[in-house]
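Data block for coords_26.txt (compact mmCIF, C-alpha atoms and all ligand atoms):
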# COMPACT_ATOMS: atom_id res chain seq x y z
CA MET A 1301 -119.81 -173.85 63.82
CA ALA A 1302 -116.06 -173.22 63.92
CA LYS A 1303 -114.64 -171.72 67.10
CA VAL A 1304 -111.63 -169.45 66.98
CA ALA A 1305 -109.50 -167.58 69.50
CA VAL A 1306 -107.79 -164.25 68.95
CA LEU A 1307 -104.52 -163.62 70.80
CA GLY A 1308 -104.03 -159.88 71.35
CA TYR A 1309 -106.96 -157.41 71.27
CA GLY A 1310 -105.03 -154.47 69.87
CA THR A 1311 -105.46 -152.82 66.49
CA VAL A 1312 -105.27 -155.94 64.31
CA GLY A 1313 -106.90 -158.32 66.82
CA SER A 1314 -109.91 -156.07 67.35
CA GLY A 1315 -110.04 -155.66 63.57
CA VAL A 1316 -110.24 -159.44 63.13
CA VAL A 1317 -113.17 -159.63 65.56
CA GLU A 1318 -114.83 -156.70 63.74
CA VAL A 1319 -114.44 -158.33 60.31
CA LEU A 1320 -115.86 -161.61 61.66
CA ASP A 1321 -118.83 -159.67 63.14
CA THR A 1322 -119.50 -157.32 60.24
CA ASN A 1323 -119.08 -159.90 57.47
CA ALA A 1324 -120.43 -162.88 59.45
CA LEU A 1325 -122.63 -164.02 56.56
CA GLU A 1326 -119.93 -163.69 53.91
CA VAL A 1327 -117.44 -165.44 56.20
CA ALA A 1328 -119.89 -168.31 56.82
CA ASN A 1329 -120.60 -168.64 53.10
CA SER A 1330 -116.92 -168.74 52.32
CA ALA A 1331 -115.93 -171.08 55.19
CA GLY A 1332 -118.95 -173.37 54.75
CA GLU A 1333 -119.99 -172.86 58.37
CA SER A 1334 -120.37 -169.94 60.75
CA VAL A 1335 -117.39 -168.75 62.76
CA GLU A 1336 -117.54 -167.80 66.43
CA VAL A 1337 -114.88 -165.98 68.43
CA LYS A 1338 -114.84 -168.09 71.61
CA TYR A 1339 -111.89 -166.39 73.35
CA ILE A 1340 -109.88 -163.20 73.15
CA LEU A 1341 -106.56 -163.33 75.00
CA ASP A 1342 -105.22 -160.07 76.38
CA LEU A 1343 -103.57 -158.80 79.54
CA ARG A 1344 -106.19 -156.07 79.77
CA ASP A 1345 -109.93 -156.17 80.48
CA PHE A 1346 -112.32 -154.42 78.11
CA PRO A 1347 -115.34 -153.36 80.23
CA GLY A 1348 -118.26 -152.33 78.03
CA ASP A 1349 -116.80 -153.99 74.93
CA LYS A 1350 -119.27 -156.11 72.95
CA HIS A 1351 -116.88 -159.04 73.43
CA GLU A 1352 -115.83 -158.45 77.05
CA ALA A 1353 -117.21 -161.85 78.07
CA GLN A 1354 -114.81 -163.60 75.69
CA VAL A 1355 -111.70 -161.92 77.14
CA VAL A 1356 -109.37 -164.28 79.05
CA HIS A 1357 -105.91 -163.78 80.51
CA ASP A 1358 -104.62 -167.34 80.52
CA ILE A 1359 -103.45 -168.99 77.28
CA ASP A 1360 -104.01 -172.47 78.77
CA ILE A 1361 -107.79 -171.91 78.77
CA ILE A 1362 -107.56 -171.65 74.99
CA LEU A 1363 -104.96 -174.37 74.48
CA ASN A 1364 -106.94 -176.83 76.64
CA ASP A 1365 -110.25 -176.22 74.88
CA PRO A 1366 -110.73 -178.90 72.19
CA GLU A 1367 -113.52 -176.84 70.60
CA VAL A 1368 -111.06 -174.17 69.45
CA SER A 1369 -109.65 -175.25 66.10
CA VAL A 1370 -108.14 -171.98 64.84
CA ILE A 1371 -105.99 -169.39 66.57
CA CYS A 1372 -105.24 -165.88 65.26
CA GLU A 1373 -102.08 -164.48 66.79
CA THR A 1374 -102.17 -160.69 66.50
CA MET A 1375 -99.97 -159.80 69.47
CA GLY A 1376 -96.75 -159.02 67.59
CA GLY A 1377 -93.17 -159.53 68.78
CA ILE A 1378 -91.27 -162.78 69.21
CA GLU A 1379 -92.21 -163.81 72.75
CA PRO A 1380 -94.59 -164.91 74.10
CA ALA A 1381 -96.10 -165.13 70.59
CA PHE A 1382 -93.70 -167.88 69.47
CA THR A 1383 -94.34 -170.10 72.50
CA PHE A 1384 -98.13 -169.63 72.20
CA GLU A 1385 -98.13 -170.41 68.46
CA LYS A 1386 -95.86 -173.46 68.87
CA LYS A 1387 -97.97 -174.90 71.70
CA ALA A 1388 -101.18 -174.32 69.74
CA LEU A 1389 -99.82 -176.14 66.67
CA GLU A 1390 -98.59 -179.01 68.85
CA ARG A 1391 -102.09 -179.28 70.34
CA GLY A 1392 -103.52 -179.71 66.84
CA LYS A 1393 -104.85 -176.17 66.34
CA SER A 1394 -104.21 -174.25 63.12
CA VAL A 1395 -102.60 -170.85 63.57
CA CYS A 1396 -102.62 -167.70 61.46
CA THR A 1397 -100.83 -164.46 62.18
CA SER A 1398 -100.06 -160.92 61.08
CA ASN A 1399 -96.79 -161.01 63.06
CA LYS A 1400 -94.05 -160.33 60.49
CA GLU A 1401 -91.21 -160.26 63.05
CA LEU A 1402 -92.09 -163.77 64.18
CA VAL A 1403 -92.76 -165.16 60.70
CA ALA A 1404 -89.44 -163.75 59.39
CA ALA A 1405 -87.55 -165.24 62.36
CA LYS A 1406 -89.39 -168.53 62.95
CA GLY A 1407 -91.92 -168.98 60.13
CA PRO A 1408 -90.21 -171.94 58.43
CA GLU A 1409 -89.83 -173.74 61.78
CA LEU A 1410 -93.52 -173.15 62.59
CA VAL A 1411 -94.56 -174.39 59.12
CA GLU A 1412 -92.66 -177.63 59.84
CA ILE A 1413 -94.33 -177.99 63.26
CA ALA A 1414 -97.73 -177.43 61.63
CA LYS A 1415 -96.96 -180.09 59.02
CA LYS A 1416 -95.90 -182.61 61.67
CA ASN A 1417 -99.17 -182.06 63.52
CA ASN A 1418 -101.35 -182.12 60.40
CA VAL A 1419 -102.57 -178.56 60.92
CA SER A 1420 -101.83 -175.30 59.09
CA TYR A 1421 -99.73 -172.21 59.66
CA LEU A 1422 -100.66 -169.21 57.49
CA PHE A 1423 -99.48 -165.59 57.60
CA GLU A 1424 -101.07 -163.64 54.73
CA ALA A 1425 -101.29 -160.42 56.77
CA SER A 1426 -97.57 -160.39 57.60
CA VAL A 1427 -96.62 -159.03 54.14
CA GLY A 1428 -98.44 -156.25 52.33
CA GLY A 1429 -101.24 -155.96 54.96
CA GLY A 1430 -104.49 -156.62 53.12
CA ILE A 1431 -102.90 -157.52 49.75
CA PRO A 1432 -103.53 -161.22 49.02
CA VAL A 1433 -100.03 -161.83 47.71
CA LEU A 1434 -98.91 -164.84 49.76
CA ARG A 1435 -102.03 -166.79 48.84
CA ALA A 1436 -101.38 -165.99 45.15
CA LEU A 1437 -97.77 -167.19 45.48
CA ASN A 1438 -98.90 -170.30 47.31
CA ASP A 1439 -101.70 -171.10 44.90
CA SER A 1440 -102.23 -169.35 41.54
CA LEU A 1441 -98.50 -168.91 40.92
CA LYS A 1442 -97.33 -172.24 42.34
CA HIS A 1443 -96.70 -173.73 38.90
CA GLU A 1444 -94.54 -170.75 37.87
CA LYS A 1445 -90.78 -170.47 38.25
CA VAL A 1446 -90.78 -167.15 40.08
CA ASP A 1447 -87.48 -165.48 39.29
CA ALA A 1448 -87.98 -162.04 40.83
CA ILE A 1449 -90.09 -160.34 43.47
CA THR A 1450 -89.81 -156.58 43.92
CA GLY A 1451 -91.90 -154.73 46.44
CA ILE A 1452 -92.73 -151.44 48.03
CA LEU A 1453 -93.42 -153.10 51.35
CA ASN A 1454 -93.45 -150.25 53.83
CA GLY A 1455 -96.23 -147.67 53.82
CA THR A 1456 -94.54 -145.25 56.21
CA THR A 1457 -91.43 -144.77 54.07
CA ASN A 1458 -93.48 -144.63 50.87
CA TYR A 1459 -95.61 -141.90 52.42
CA ILE A 1460 -92.49 -139.95 53.44
CA LEU A 1461 -90.84 -140.30 50.01
CA THR A 1462 -94.06 -139.28 48.24
CA LYS A 1463 -94.43 -136.16 50.42
CA MET A 1464 -90.77 -135.21 49.94
CA ASP A 1465 -91.20 -135.54 46.18
CA LYS A 1466 -94.59 -133.82 45.74
CA GLU A 1467 -94.24 -131.11 48.39
CA GLY A 1468 -90.49 -130.48 48.36
CA MET A 1469 -90.15 -130.92 52.15
CA GLY A 1470 -87.05 -132.36 53.83
CA PHE A 1471 -86.94 -135.82 55.43
CA GLU A 1472 -87.10 -134.60 59.05
CA THR A 1473 -90.07 -132.27 58.40
CA VAL A 1474 -92.07 -134.97 56.62
CA LEU A 1475 -91.23 -137.56 59.27
CA LYS A 1476 -92.55 -135.20 61.95
CA LYS A 1477 -95.79 -134.67 60.01
CA ALA A 1478 -96.14 -138.42 59.46
CA GLN A 1479 -95.73 -138.98 63.21
CA GLU A 1480 -98.37 -136.33 63.97
CA LYS A 1481 -100.81 -138.05 61.58
CA GLY A 1482 -100.08 -141.49 63.04
CA TYR A 1483 -98.48 -142.74 59.81
CA ALA A 1484 -95.11 -143.14 61.52
CA GLU A 1485 -94.24 -144.56 64.94
CA ARG A 1486 -92.76 -142.37 67.64
CA ASN A 1487 -89.65 -144.53 67.25
CA PRO A 1488 -89.54 -144.67 63.45
CA GLU A 1489 -86.28 -146.63 63.12
CA ALA A 1490 -87.80 -149.97 62.02
CA ASP A 1491 -89.59 -148.27 59.15
CA VAL A 1492 -87.14 -145.57 58.01
CA GLU A 1493 -84.05 -147.75 58.26
CA GLY A 1494 -85.71 -150.47 56.18
CA TYR A 1495 -85.88 -153.16 58.90
CA ASP A 1496 -89.66 -153.67 58.48
CA ALA A 1497 -89.35 -154.06 54.68
CA CYS A 1498 -86.40 -156.39 55.27
CA ARG A 1499 -88.53 -158.79 57.33
CA LYS A 1500 -91.27 -158.75 54.71
CA ILE A 1501 -88.92 -159.49 51.80
CA ALA A 1502 -87.33 -162.25 53.92
CA ILE A 1503 -90.78 -163.90 54.11
CA LEU A 1504 -91.38 -163.49 50.36
CA ALA A 1505 -87.85 -164.71 49.57
CA SER A 1506 -88.35 -167.77 51.81
CA LEU A 1507 -91.53 -168.63 49.89
CA MET A 1508 -89.71 -168.05 46.60
CA SER A 1509 -86.75 -170.24 47.56
CA GLY A 1510 -88.74 -172.87 49.46
CA LYS A 1511 -86.23 -172.52 52.32
CA HIS A 1512 -85.50 -170.01 55.07
CA VAL A 1513 -84.08 -166.68 53.98
CA ASP A 1514 -82.71 -165.19 57.19
CA TYR A 1515 -83.54 -161.48 57.40
CA GLU A 1516 -80.21 -160.89 59.11
CA ASP A 1517 -78.46 -161.91 55.87
CA ILE A 1518 -80.24 -159.27 53.79
CA TYR A 1519 -78.34 -156.09 52.99
CA THR A 1520 -80.59 -153.24 54.18
CA GLU A 1521 -80.40 -149.47 53.67
CA GLY A 1522 -83.14 -147.06 54.70
CA ILE A 1523 -84.26 -143.66 53.47
CA SER A 1524 -82.88 -141.32 56.12
CA LYS A 1525 -80.04 -140.11 53.88
CA ILE A 1526 -82.33 -139.10 51.00
CA ASN A 1527 -82.31 -135.39 50.46
CA ILE A 1528 -84.75 -133.11 48.58
CA HIS A 1529 -82.09 -132.46 45.92
CA ASP A 1530 -82.19 -136.20 45.08
CA PHE A 1531 -85.82 -135.69 43.99
CA GLU A 1532 -84.86 -132.78 41.72
CA TYR A 1533 -82.39 -135.01 39.93
CA ALA A 1534 -84.93 -137.86 39.88
CA ARG A 1535 -87.49 -135.59 38.19
CA ALA A 1536 -84.88 -134.50 35.62
CA LEU A 1537 -84.30 -138.20 34.90
CA ASN A 1538 -88.05 -138.93 34.72
CA MET A 1539 -87.72 -141.30 37.66
CA SER A 1540 -89.11 -141.72 41.19
CA ILE A 1541 -87.26 -142.65 44.37
CA LYS A 1542 -88.71 -145.73 46.07
CA LEU A 1543 -87.58 -147.94 48.94
CA LEU A 1544 -87.51 -151.28 47.14
CA ALA A 1545 -87.20 -154.71 48.68
CA MET A 1546 -86.24 -157.33 46.13
CA CYS A 1547 -85.32 -160.95 45.73
CA LYS A 1548 -83.91 -162.28 42.47
CA ARG A 1549 -83.00 -165.78 41.44
CA ASN A 1550 -79.58 -166.08 39.82
CA GLU A 1551 -77.16 -168.85 38.88
CA ASN A 1552 -75.73 -168.88 42.44
CA GLY A 1553 -79.05 -168.99 44.28
CA PHE A 1554 -80.85 -165.87 45.44
CA PHE A 1555 -79.93 -162.25 45.85
CA THR A 1556 -81.94 -159.98 48.14
CA ILE A 1557 -81.59 -156.31 49.04
CA VAL A 1558 -83.57 -153.49 50.64
CA ALA A 1559 -82.51 -149.99 49.56
CA PRO A 1560 -83.80 -146.78 47.99
CA PHE A 1561 -83.73 -147.01 44.19
CA LEU A 1562 -84.34 -144.64 41.30
CA VAL A 1563 -87.25 -146.22 39.41
CA PRO A 1564 -88.04 -145.16 35.81
CA SER A 1565 -91.50 -143.55 35.62
CA GLU A 1566 -92.72 -146.11 33.06
CA ASN A 1567 -92.34 -148.86 35.69
CA PRO A 1568 -95.68 -149.24 37.58
CA LEU A 1569 -93.82 -149.30 40.91
CA ALA A 1570 -92.87 -145.64 40.29
CA SER A 1571 -96.57 -144.64 40.51
CA VAL A 1572 -97.23 -146.32 43.87
CA ASN A 1573 -97.69 -143.34 46.16
CA GLY A 1574 -98.53 -142.54 49.77
CA VAL A 1575 -99.08 -145.33 52.26
CA PHE A 1576 -99.86 -147.90 49.56
CA ASN A 1577 -97.78 -151.04 48.98
CA ALA A 1578 -97.16 -152.95 45.77
CA ILE A 1579 -95.50 -156.24 44.97
CA SER A 1580 -94.35 -157.06 41.47
CA ILE A 1581 -93.69 -160.72 40.70
CA HIS A 1582 -92.04 -162.13 37.61
CA GLY A 1583 -92.87 -165.71 36.64
CA ASN A 1584 -91.11 -167.51 33.81
CA MET A 1585 -94.33 -168.21 31.91
CA LEU A 1586 -96.59 -165.50 33.27
CA GLY A 1587 -94.24 -162.53 32.93
CA ASP A 1588 -94.93 -159.61 35.27
CA VAL A 1589 -97.88 -159.36 37.62
CA MET A 1590 -98.34 -156.62 40.22
CA PHE A 1591 -100.37 -156.60 43.43
CA TYR A 1592 -101.36 -153.21 44.87
CA GLY A 1593 -103.25 -152.14 47.95
CA LYS A 1594 -103.21 -151.10 51.58
CA GLY A 1595 -100.12 -152.48 53.27
CA ALA A 1596 -101.27 -151.55 56.78
CA GLY A 1597 -104.33 -150.43 58.71
CA LYS A 1598 -106.75 -152.20 61.03
CA ASN A 1599 -109.43 -153.46 58.64
CA ALA A 1600 -107.21 -154.24 55.65
CA THR A 1601 -104.77 -156.28 57.77
CA ALA A 1602 -107.63 -157.95 59.68
CA SER A 1603 -109.30 -158.90 56.38
CA ALA A 1604 -106.14 -160.81 55.39
CA VAL A 1605 -106.10 -162.62 58.77
CA VAL A 1606 -109.75 -163.62 58.27
CA ALA A 1607 -108.92 -164.97 54.80
CA ASP A 1608 -106.46 -167.33 56.53
CA VAL A 1609 -109.06 -168.28 59.16
CA ILE A 1610 -111.49 -169.27 56.39
CA ASP A 1611 -108.84 -171.23 54.48
CA MET A 1612 -107.96 -173.18 57.63
CA ILE A 1613 -111.60 -173.94 58.46
CA LYS A 1614 -112.11 -175.17 54.90
CA HIS A 1615 -109.07 -177.42 55.27
CA LYS A 1616 -109.91 -178.82 58.69
CA ASP A 1617 -107.70 -181.82 59.60
CA LYS A 1618 -105.42 -181.11 56.66
CA HIS A 1619 -102.09 -179.36 56.39
CA ILE A 1620 -102.10 -176.51 53.85
CA GLU A 1621 -98.74 -176.72 52.07
CA VAL A 1622 -96.58 -173.61 52.40
CA ASN A 1623 -93.44 -173.51 50.31
CA MET A 1624 -90.77 -172.99 52.98
CA ASN A 1625 -88.71 -175.13 55.34
CA ALA A 1626 -86.18 -174.51 58.09
CA GLU A 1627 -83.11 -175.17 55.89
CA LYS A 1628 -81.22 -171.92 55.39
CA ALA A 1629 -81.27 -170.57 51.81
CA GLN A 1630 -77.97 -169.76 50.13
CA LEU A 1631 -77.85 -166.04 49.36
CA SER A 1632 -75.39 -164.75 46.79
CA PRO A 1633 -73.23 -161.89 48.08
CA LYS A 1634 -74.29 -158.31 47.47
CA ASP A 1635 -70.80 -157.51 46.16
CA ASN A 1636 -71.42 -159.35 42.87
CA ALA A 1637 -74.70 -157.62 41.97
CA VAL A 1638 -74.25 -155.42 38.90
CA ARG A 1639 -76.21 -152.23 38.31
CA ARG A 1640 -75.89 -148.53 37.51
CA PHE A 1641 -75.53 -145.94 40.27
CA PHE A 1642 -76.48 -142.26 40.47
CA VAL A 1643 -73.83 -140.25 42.35
CA ARG A 1644 -73.69 -136.66 43.63
CA VAL A 1645 -70.35 -135.12 44.51
CA SER A 1646 -69.00 -131.65 45.19
CA ASP A 1647 -68.19 -129.97 41.85
CA THR A 1648 -64.65 -129.35 43.07
CA ILE A 1649 -63.94 -133.07 42.60
CA ALA A 1650 -65.77 -133.48 39.25
CA ASP A 1651 -62.55 -134.26 37.34
CA GLN A 1652 -61.42 -136.71 39.99
CA ALA A 1653 -64.85 -138.43 39.90
CA ASN A 1654 -64.60 -138.77 36.12
CA GLU A 1655 -61.14 -140.26 36.47
CA VAL A 1656 -62.32 -142.75 39.09
CA PHE A 1657 -65.55 -143.77 37.34
CA GLY A 1658 -64.44 -143.33 33.70
CA ASN A 1659 -65.20 -140.44 31.41
CA ASP A 1660 -68.21 -142.08 29.80
CA VAL A 1661 -70.44 -141.47 32.86
CA GLU A 1662 -73.82 -139.90 32.08
CA VAL A 1663 -73.83 -136.40 33.55
CA VAL A 1664 -77.10 -135.30 35.19
CA LYS A 1665 -77.56 -131.55 35.07
CA ARG A 1666 -79.62 -129.49 37.53
CA ASN A 1667 -78.71 -125.84 37.22
CA SER A 1668 -80.75 -125.05 40.33
CA ILE A 1669 -78.36 -127.07 42.49
CA HIS A 1670 -75.10 -125.18 42.85
CA GLY A 1671 -71.74 -126.60 43.77
CA GLU A 1672 -72.60 -130.17 42.77
CA TYR A 1673 -71.66 -132.57 40.02
CA ALA A 1674 -74.02 -135.51 39.48
CA PHE A 1675 -73.63 -138.47 37.17
CA ILE A 1676 -74.79 -142.03 36.46
CA THR A 1677 -72.18 -144.75 36.27
CA ASP A 1678 -71.91 -147.48 33.69
CA LEU A 1679 -72.98 -150.98 34.78
CA ILE A 1680 -70.72 -151.82 37.70
CA SER A 1681 -70.67 -154.35 40.55
CA GLU A 1682 -71.60 -153.26 44.08
CA LYS A 1683 -68.07 -154.08 45.24
CA ASP A 1684 -66.41 -152.13 42.44
CA PHE A 1685 -68.73 -149.18 43.10
CA GLU A 1686 -67.95 -149.16 46.81
CA GLU A 1687 -64.21 -149.27 46.16
CA ARG A 1688 -64.30 -146.45 43.63
CA LEU A 1689 -66.62 -144.32 45.77
CA GLY A 1690 -64.20 -144.77 48.67
CA LYS A 1691 -61.50 -142.99 46.65
CA LEU A 1692 -63.55 -139.77 46.52
CA ASN A 1693 -63.63 -137.16 49.21
CA GLY A 1694 -66.72 -135.01 48.73
CA VAL A 1695 -69.50 -137.50 48.02
CA LYS A 1696 -72.92 -135.98 48.75
CA GLY A 1697 -75.04 -139.04 48.08
CA TYR A 1698 -75.80 -141.96 45.80
CA LEU A 1699 -78.72 -144.08 44.72
CA ARG A 1700 -79.04 -147.35 42.87
CA LEU A 1701 -80.88 -147.49 39.56
CA TYR A 1702 -83.63 -150.08 39.16
N1 LIG A 1801 -95.04 -149.89 59.72
C1 LIG A 1801 -95.55 -150.73 58.67
C2 LIG A 1801 -95.65 -149.91 57.38
C3 LIG A 1801 -96.89 -151.28 59.08
O1 LIG A 1801 -95.46 -148.71 57.43
O2 LIG A 1801 -95.86 -150.46 56.32
C4 LIG A 1801 -97.33 -152.48 58.33
O3 LIG A 1801 -96.49 -153.59 58.52

Once you've parsed the file, please lay out its structure as structure tokens.
Ligand code: HSE
Amino acid sequence: MAKVAVLGYGTVGSGVVEVLDTNALEVANSAGESVEVKYILDLRDFPGDKHEAQVVHDIDIILNDPEVSVICETMGGIEPAFTFEKKALERGKSVCTSNKELVAAKGPELVEIAKKNNVSYLFEASVGGGIPVLRALNDSLKHEKVDAITGILNGTTNYILTKMDKEGMGFETVLKKAQEKGYAERNPEADVEGYDACRKIAILASLMSGKHVDYEDIYTEGISKINIHDFEYARALNMSIKLLAMCKRNENGFFTIVAPFLVPSENPLASVNGVFNAISIHGNMLGDVMFYGKGAGKNATASAVVADVIDMIKHKDKHIEVNMNAEKAQLSPKDNAVRRFFVRVSDTIADQANEVFGNDVEVVKRNSIHGEYAFITDLISEKDFEERLGKLNGVKGYLRLY
């Protein structure tokens, strides 16, 4: 029987215990032995809980117990999670986590520590919640040259954008509704400004590059400037607006960005609605493959953590290779990326906009929106676009085209 400890008995941690209880037979069949939760670390007590006897408040009880071979860190945040994980790996215990902040910041370092100690460090639940995308990258797609990963990696913003599109409500109104329903945090900044998606694409980009893509190096724009008129234009163009996080391989290394994009409706990412996530991966031999599912939620996220627990039990006394190391990946500058842009300006500066962007722009007409001139630029670099846009006084908004 394998003995595990769960650090943090919040939403995900209690979900992990629930999955191990509910699917005990399936877990045992998959792991090759039954799995027992020996300890649950939390600051709180849980009187009346089925597992109250397993609750401890001192990490050393877990670290000093040689019977515990696997640790699930579901506390979140950098500290004390980092110290606990590091100590556990150094004591020869495998660690898995749903903690995207920590994996984005310290994942490659923790993978190296795991390797040195001949144990494993896995983090399936840190990206795309229950979607088994990291395991696919690390296993089924390992022989591919992955040249692009594009994801809708944040359920909160996808829910907000879907509601704005389908129900014609403004950003603030939808955000308020999302907060009431528990789909958005009371402090929604990490989601709506793209920081959460940024950490997740940093993890995917690290796995793609085999190095450490620092999330602080990733250009990130959120969705708070999107306006309901943008959706009217998007519909006229037969496109959807999605917060995309992407990493592309190019001749100079890797380019990553998080920003709202106009996505043509024939692209499957355009049809990913509500709180769902999707990750599209392009391999040189395989072509495109897309993973879709619940990117958050107690049971879905916990299921991904349990998949790691099983993998680590099956590979007892072995290090499971994870394609990343602590060397910093070279990212190519955003300025050089070339794409088309959709721009809305006041109609009083339409002639000036044409002069600045060239007369062959594609004009986007929406008679219902008065006082505006909207157009799509030719292919243009990010730097060139920024410089030209800076010459205009009366810009109402812009979006990148995917
Ligand atoms: N706030 C995140 C989301 C939760 O909305 O996707 C999952 O990481």

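Using all atoms listed in the file, the shortest contact distance between ligand LIG 1801 (chain A) and any of A:Phe1423, A:Tyr1483, A:Phe1657, A:Tyr1702 is found at A:Tyr1483.
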
**Report entry** Shell around Met1590 in chain A at 10 Å using only C-alpha atoms, local window under 6 positions removed, as a list of chain:residue names
**Finding:**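 The residues satisfying every condition are A:Val1433, A:Ile1449, A:Thr1450, A:Gly1451, A:Pro1568, A:Leu1569, A:Ala1578, A:Ile1579, A:Ser1580, A:Ile1581, A:His1582.
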
Within 9 Å of ligand LIG 1801 (chain A), which residues of chain A come that close, and what is the closest atom pair and distance in Å for each? Count only C-alpha atoms and all ligand atoms and give it as a tab-separated table.
residue	atom	partner	partner_atom	distance
A:Ser1398	CA	A:LIG1801	O3	8.5
A:Asn1399	CA	A:LIG1801	O3	8.7
A:Lys1400	CA	A:LIG1801	O3	7.4
A:Ala1425	CA	A:LIG1801	O3	8.5
A:Ser1426	CA	A:LIG1801	O3	6.9
A:Val1427	CA	A:LIG1801	O3	7.0
A:Gly1428	CA	A:LIG1801	O3	7.0
A:Gly1429	CA	A:LIG1801	C4	6.2
A:Ile1452	CA	A:LIG1801	O2	8.9
A:Leu1453	CA	A:LIG1801	O2	6.1
A:Asn1454	CA	A:LIG1801	O2	3.5
A:Gly1455	CA	A:LIG1801	O2	3.8
A:Thr1456	CA	A:LIG1801	O1	3.8
A:Thr1457	CA	A:LIG1801	O1	6.6
A:Asn1458	CA	A:LIG1801	O1	8.0
A:Tyr1459	CA	A:LIG1801	O1	8.5
A:Tyr1483	CA	A:LIG1801	O1	7.1
A:Ala1484	CA	A:LIG1801	O1	6.9
A:Glu1485	CA	A:LIG1801	N1	7.5
A:Pro1488	CA	A:LIG1801	N1	8.5
A:Ala1490	CA	A:LIG1801	N1	7.6
A:Asp1491	CA	A:LIG1801	N1	5.7
A:Val1492	CA	A:LIG1801	O1	8.9
A:Asp1496	CA	A:LIG1801	C1	6.6
A:Ala1497	CA	A:LIG1801	O2	7.6
A:Lys1500	CA	A:LIG1801	O3	8.3
A:Val1575	CA	A:LIG1801	O1	7.2
A:Phe1576	CA	A:LIG1801	O2	8.3
A:Asn1577	CA	A:LIG1801	O2	7.6
A:Lys1594	CA	A:LIG1801	O2	8.8
A:Gly1595	CA	A:LIG1801	O2	5.6
A:Ala1596	CA	A:LIG1801	C4	4.3
A:Gly1597	CA	A:LIG1801	C4	7.3
A:Thr1601	CA	A:LIG1801	C4	8.4

Query - Selected residue of minimal separation from Glu1686 in chain A among A:Val1638, A:Val1306, A:Leu1543, A:Ile1649, counting only C-alpha atoms - result: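 Going through A:Val1638, A:Val1306, A:Leu1543, A:Ile1649 one by one, the smallest distance to Glu1686 in chain A is for A:Val1638.
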
**Report entry** Residue with smallest distance to Val1622 in chain A - pool A:Gly1510, A:Gly1315, A:Pro1347, A:Gly1332, counting only C-alpha atoms
**Finding:**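 Of A:Gly1510, A:Gly1315, A:Pro1347, A:Gly1332, the one nearest Val1622 in chain A, counting only C-alpha atoms, is A:Gly1510.
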
Report task. Please indicate the distance in Å from CA of Thr1462 in chain A to CA of Gly1574 in chain A, rounded to one decimal place. Result ->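 One can read the CA of Thr1462 in chain A to CA of Gly1574 in chain A distance as 5.7 Å.
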
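For the pair CA of Ile1340 in chain A and CA of Lys1481 in chain A, the interatomic distance is 29.1 Å.
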
**Report entry** Protein/DNA/RNA residues near (-103.1, -166.4, 39.3), cut 12 Å, all atoms listed in the file, as a ChimeraX atom specification
**Finding:** /A:1432-1444,1581-1583,1585-1591

Requested in this report: Identify, on the basis of all atoms listed in the file, every residue whose closest approach to Leu1341 in chain A does not exceed 9 Å; exclude the query and any residue fewer than 4 positions from it along the same chain; express the result as a PyMOL selection string.
Outcome: chain A and resi 1305-1309+1354-1359+1362

Write the selection just made, keeping C-alpha atoms, as a short mmCIF file (atom, residue, chain, number, x, y, z; two decimals), in the frame of the given file?
data_model
loop_
_atom_site.label_atom_id
_atom_site.label_comp_id
_atom_site.auth_asym_id
_atom_site.auth_seq_id
_atom_site.Cartn_x
_atom_site.Cartn_y
_atom_site.Cartn_z
CA ALA A 1305 -109.50 -167.58 69.50
CA VAL A 1306 -107.79 -164.25 68.95
CA LEU A 1307 -104.52 -163.62 70.80
CA GLY A 1308 -104.03 -159.88 71.35
CA TYR A 1309 -106.96 -157.41 71.27
CA GLN A 1354 -114.81 -163.60 75.69
CA VAL A 1355 -111.70 -161.92 77.14
CA VAL A 1356 -109.37 -164.28 79.05
CA HIS A 1357 -105.91 -163.78 80.51
CA ASP A 1358 -104.62 -167.34 80.52
CA ILE A 1359 -103.45 -168.99 77.28
CA ILE A 1362 -107.56 -171.65 74.99
#

Query raised in the report: Which of these residues is nearest to Asn1552 in chain A, using all atoms listed in the file: A:Gln1479, A:Asn1417, A:Asn1329, A:Gln1630?
Result: A:Gln1630

**Report entry** Counting all atoms listed in the file, the residue of A:Ala1505, A:Ile1378, A:Ile1541, A:Ile1610 that sits nearest Lys1463 in chain A
**Finding:**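 Nearest candidate to Lys1463 in chain A out of A:Ala1505, A:Ile1378, A:Ile1541, A:Ile1610: A:Ile1541.
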
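Of note, CA of Leu1422 in chain A and CA of Gly1392 in chain A are spaced 14.3 Å apart.
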
Report task. List the residues sitting within 10 Å of (-104.5, -168.3, 65.9) in the file's frame, using all atoms listed in the file, as a list in words. Result ->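 Answer for this query, in the requested form: Val1304, Ala1305, Val1306, Leu1307, Val1368, Ser1369, Val1370, Ile1371, Cys1372, Glu1373, Thr1374, Phe1384, Glu1385, Ala1388, Leu1389, Lys1393, Ser1394, Val1395, Cys1396, Thr1397, Ser1398, Tyr1421, Leu1422, Val1605, Asp1608 and Val1609 of chain A.
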
Query raised in the report: Looking at only C-alpha atoms, which of A:Leu1343, A:Ile1620, A:Met1301, A:Val1645 is the one that sits closest to Ala1414 in chain A?
Result: A:Ile1620

**Report entry** Within 9 Å of Ser1681 in chain A using only C-alpha atoms, minus same-chain residues under 3 positions, as an NGL selection string
**Finding:** :A and (1634-1640 or 1684-1686)

**Report entry** 8 Å contact set for Lys1696 in chain A, only C-alpha atoms, chain neighbours under 4 positions out, as a list in words
**Finding:** Val1643, Arg1644, Val1645 and Ser1646 of chain A
